[in-house]
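First up is the structure itself, then whatever we jot down about it.
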Amino acid sequence: MMNGNLRVEGEQVVLTVGGDFQGRNAADVRDALIECLQNGHHSIVVDLTDVSAINATGLGVLISIQQRLESLDGKLSLQGVNNSLKQVFERTRLCQTFGI
């Protein structure tokens with residue numbers, strides 16, 4: 001079970017992720033986001049406020065979903081990126097990709 005929650009706000013889906021965004025949690029987040037896409041949601045916000053760590057698996061989920069959304073003229077936004085997570089995005093040169 002994913003550590004987080006999902007809510008729909010008008011045309012936008014907000015997924016709040018908590019804990020470590022890696023391993024099983026990352027797979028659960030991926031599944032939840034794919035289900036959102038399958039349900040026709042093309043504007044997704046992933047709230048990382050409560051995420052304590054992210055690894056390549058978590059980053060891969062975000063990149064994969066962003067690519068799918070771009071092909072659908074959709075948008076993936078990240079919010080709540082703390083300094084620790086921002087350093088990971090900077091080291092992997094993904095800041096510009098995600099507008100951080």
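As shown in the structure tokens, the chain order sets the letters A, B, ...; within each chain, residues go from 1, and ligands are also counted from 1 in the order they appear.
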### Residues near range 17-24 of chain A, cut-off 10 Å, only C-alpha atoms, skip fewer than 4 positions along chain, as a PyMOL selection string
chain A and resi 1-6+28-30+46-61
Just the helix (DSSP H, G or I) stuff from chain A, please, per backbone DSSP, written as a compact mmCIF listing (two decimals) with N, CA and C atoms, in the first residue's frame.
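So result_35.txt came out as:
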```
# COMPACT_ATOMS: atom_id res chain seq x y z
N GLY A 23 11.71 1.92 -3.94
CA GLY A 23 11.26 0.54 -3.75
C GLY A 23 9.76 0.36 -3.93
N ARG A 24 9.14 -0.34 -2.99
CA ARG A 24 7.72 -0.68 -3.07
C ARG A 24 6.85 0.57 -3.13
N ASN A 25 7.20 1.59 -2.35
CA ASN A 25 6.42 2.82 -2.35
C ASN A 25 6.45 3.47 -3.74
N ALA A 26 7.60 3.48 -4.39
CA ALA A 26 7.70 4.05 -5.73
C ALA A 26 6.84 3.27 -6.72
N ALA A 27 6.83 1.95 -6.60
CA ALA A 27 6.00 1.13 -7.48
C ALA A 27 4.52 1.41 -7.26
N ASP A 28 4.13 1.60 -6.00
CA ASP A 28 2.73 1.92 -5.70
C ASP A 28 2.35 3.29 -6.23
N VAL A 29 3.26 4.25 -6.12
CA VAL A 29 3.02 5.60 -6.66
C VAL A 29 2.86 5.50 -8.18
N ARG A 30 3.74 4.75 -8.83
CA ARG A 30 3.65 4.56 -10.28
C ARG A 30 2.29 4.00 -10.66
N ASP A 31 1.85 2.96 -9.96
CA ASP A 31 0.55 2.34 -10.26
C ASP A 31 -0.59 3.33 -10.08
N ALA A 32 -0.54 4.14 -9.02
CA ALA A 32 -1.59 5.13 -8.78
C ALA A 32 -1.61 6.18 -9.88
N LEU A 33 -0.42 6.62 -10.32
CA LEU A 33 -0.34 7.63 -11.38
C LEU A 33 -0.80 7.07 -12.72
N ILE A 34 -0.45 5.83 -13.01
CA ILE A 34 -0.91 5.21 -14.26
C ILE A 34 -2.43 5.09 -14.26
N GLU A 35 -2.99 4.74 -13.11
CA GLU A 35 -4.46 4.66 -13.01
C GLU A 35 -5.09 6.03 -13.26
N CYS A 36 -4.46 7.09 -12.77
CA CYS A 36 -4.95 8.45 -13.04
C CYS A 36 -4.96 8.73 -14.54
N LEU A 37 -3.88 8.37 -15.21
CA LEU A 37 -3.80 8.57 -16.66
C LEU A 37 -4.89 7.78 -17.37
N GLN A 38 -5.08 6.54 -16.97
CA GLN A 38 -6.10 5.68 -17.58
C GLN A 38 -7.51 6.22 -17.36
N ALA A 56 16.80 6.38 -7.51
CA ALA A 56 16.64 6.26 -8.95
C ALA A 56 15.28 5.68 -9.33
N THR A 57 14.75 4.79 -8.51
CA THR A 57 13.44 4.20 -8.80
C THR A 57 12.36 5.28 -8.75
N GLY A 58 12.38 6.09 -7.70
CA GLY A 58 11.40 7.18 -7.59
C GLY A 58 11.54 8.19 -8.70
N LEU A 59 12.79 8.56 -9.02
CA LEU A 59 13.02 9.49 -10.13
C LEU A 59 12.53 8.91 -11.44
N GLY A 60 12.77 7.62 -11.63
CA GLY A 60 12.31 6.95 -12.85
C GLY A 60 10.80 6.99 -13.00
N VAL A 61 10.08 6.83 -11.90
CA VAL A 61 8.62 6.92 -11.92
C VAL A 61 8.20 8.31 -12.39
N LEU A 62 8.79 9.34 -11.82
CA LEU A 62 8.43 10.71 -12.20
C LEU A 62 8.75 10.99 -13.67
N ILE A 63 9.91 10.54 -14.12
CA ILE A 63 10.29 10.76 -15.53
C ILE A 63 9.33 10.02 -16.46
N SER A 64 9.01 8.78 -16.15
CA SER A 64 8.12 7.98 -16.98
C SER A 64 6.73 8.62 -17.08
N ILE A 65 6.19 9.04 -15.95
CA ILE A 65 4.86 9.65 -15.95
C ILE A 65 4.88 10.98 -16.68
N GLN A 66 5.95 11.76 -16.48
CA GLN A 66 6.05 13.03 -17.19
C GLN A 66 6.07 12.81 -18.71
N GLN A 67 6.81 11.82 -19.18
CA GLN A 67 6.87 11.54 -20.61
C GLN A 67 5.50 11.12 -21.14
N ARG A 68 4.79 10.29 -20.39
CA ARG A 68 3.45 9.88 -20.81
C ARG A 68 2.52 11.09 -20.89
N LEU A 69 2.60 11.96 -19.88
CA LEU A 69 1.74 13.13 -19.87
C LEU A 69 2.06 14.07 -21.02
N GLU A 70 3.35 14.26 -21.31
CA GLU A 70 3.74 15.13 -22.42
C GLU A 70 3.17 14.63 -23.73
N SER A 71 3.14 13.31 -23.92
CA SER A 71 2.59 12.74 -25.15
C SER A 71 1.08 12.94 -25.24
N ASN A 83 15.02 20.79 0.61
CA ASN A 83 16.42 20.98 0.20
C ASN A 83 17.14 19.66 -0.08
N SER A 84 16.86 18.64 0.72
CA SER A 84 17.50 17.34 0.52
C SER A 84 17.10 16.74 -0.83
N LEU A 85 15.81 16.80 -1.14
CA LEU A 85 15.35 16.28 -2.44
C LEU A 85 15.86 17.14 -3.58
N LYS A 86 15.89 18.44 -3.36
CA LYS A 86 16.38 19.34 -4.41
C LYS A 86 17.81 19.00 -4.79
N GLN A 87 18.63 18.63 -3.80
CA GLN A 87 20.01 18.24 -4.09
C GLN A 87 20.06 17.02 -4.99
N VAL A 88 19.15 16.07 -4.80
CA VAL A 88 19.09 14.89 -5.65
C VAL A 88 18.73 15.30 -7.08
N PHE A 89 17.73 16.17 -7.21
CA PHE A 89 17.33 16.64 -8.55
C PHE A 89 18.47 17.41 -9.21
N GLU A 90 19.21 18.18 -8.43
CA GLU A 90 20.35 18.93 -8.99
C GLU A 90 21.45 17.99 -9.44
N ARG A 91 21.79 17.00 -8.60
CA ARG A 91 22.87 16.06 -8.95
C ARG A 91 22.53 15.26 -10.20
N CYS A 95 16.47 19.21 -12.36
CA CYS A 95 15.79 20.42 -11.88
C CYS A 95 15.03 21.12 -12.99
N GLN A 96 15.68 21.29 -14.12
CA GLN A 96 15.03 22.00 -15.22
C GLN A 96 13.89 21.15 -15.80
N THR A 97 14.09 19.85 -15.85
CA THR A 97 13.07 18.94 -16.37
C THR A 97 11.77 19.09 -15.61
N PHE A 98 11.88 19.24 -14.29
CA PHE A 98 10.69 19.32 -13.45
C PHE A 98 10.40 20.73 -12.96
```
### Task
Could you please determine the separation between CA of His42 in chain A and CA of Ile100 in chain A in Å, to one decimal place?
19.9 Å
### Message
If DSSP is run on the backbone, what residues of chain A are strand (DSSP E)? A reply as a PyMOL selection string would be ideal.
### Response
chain A and resi 4-9+12-21+43-54+75-79
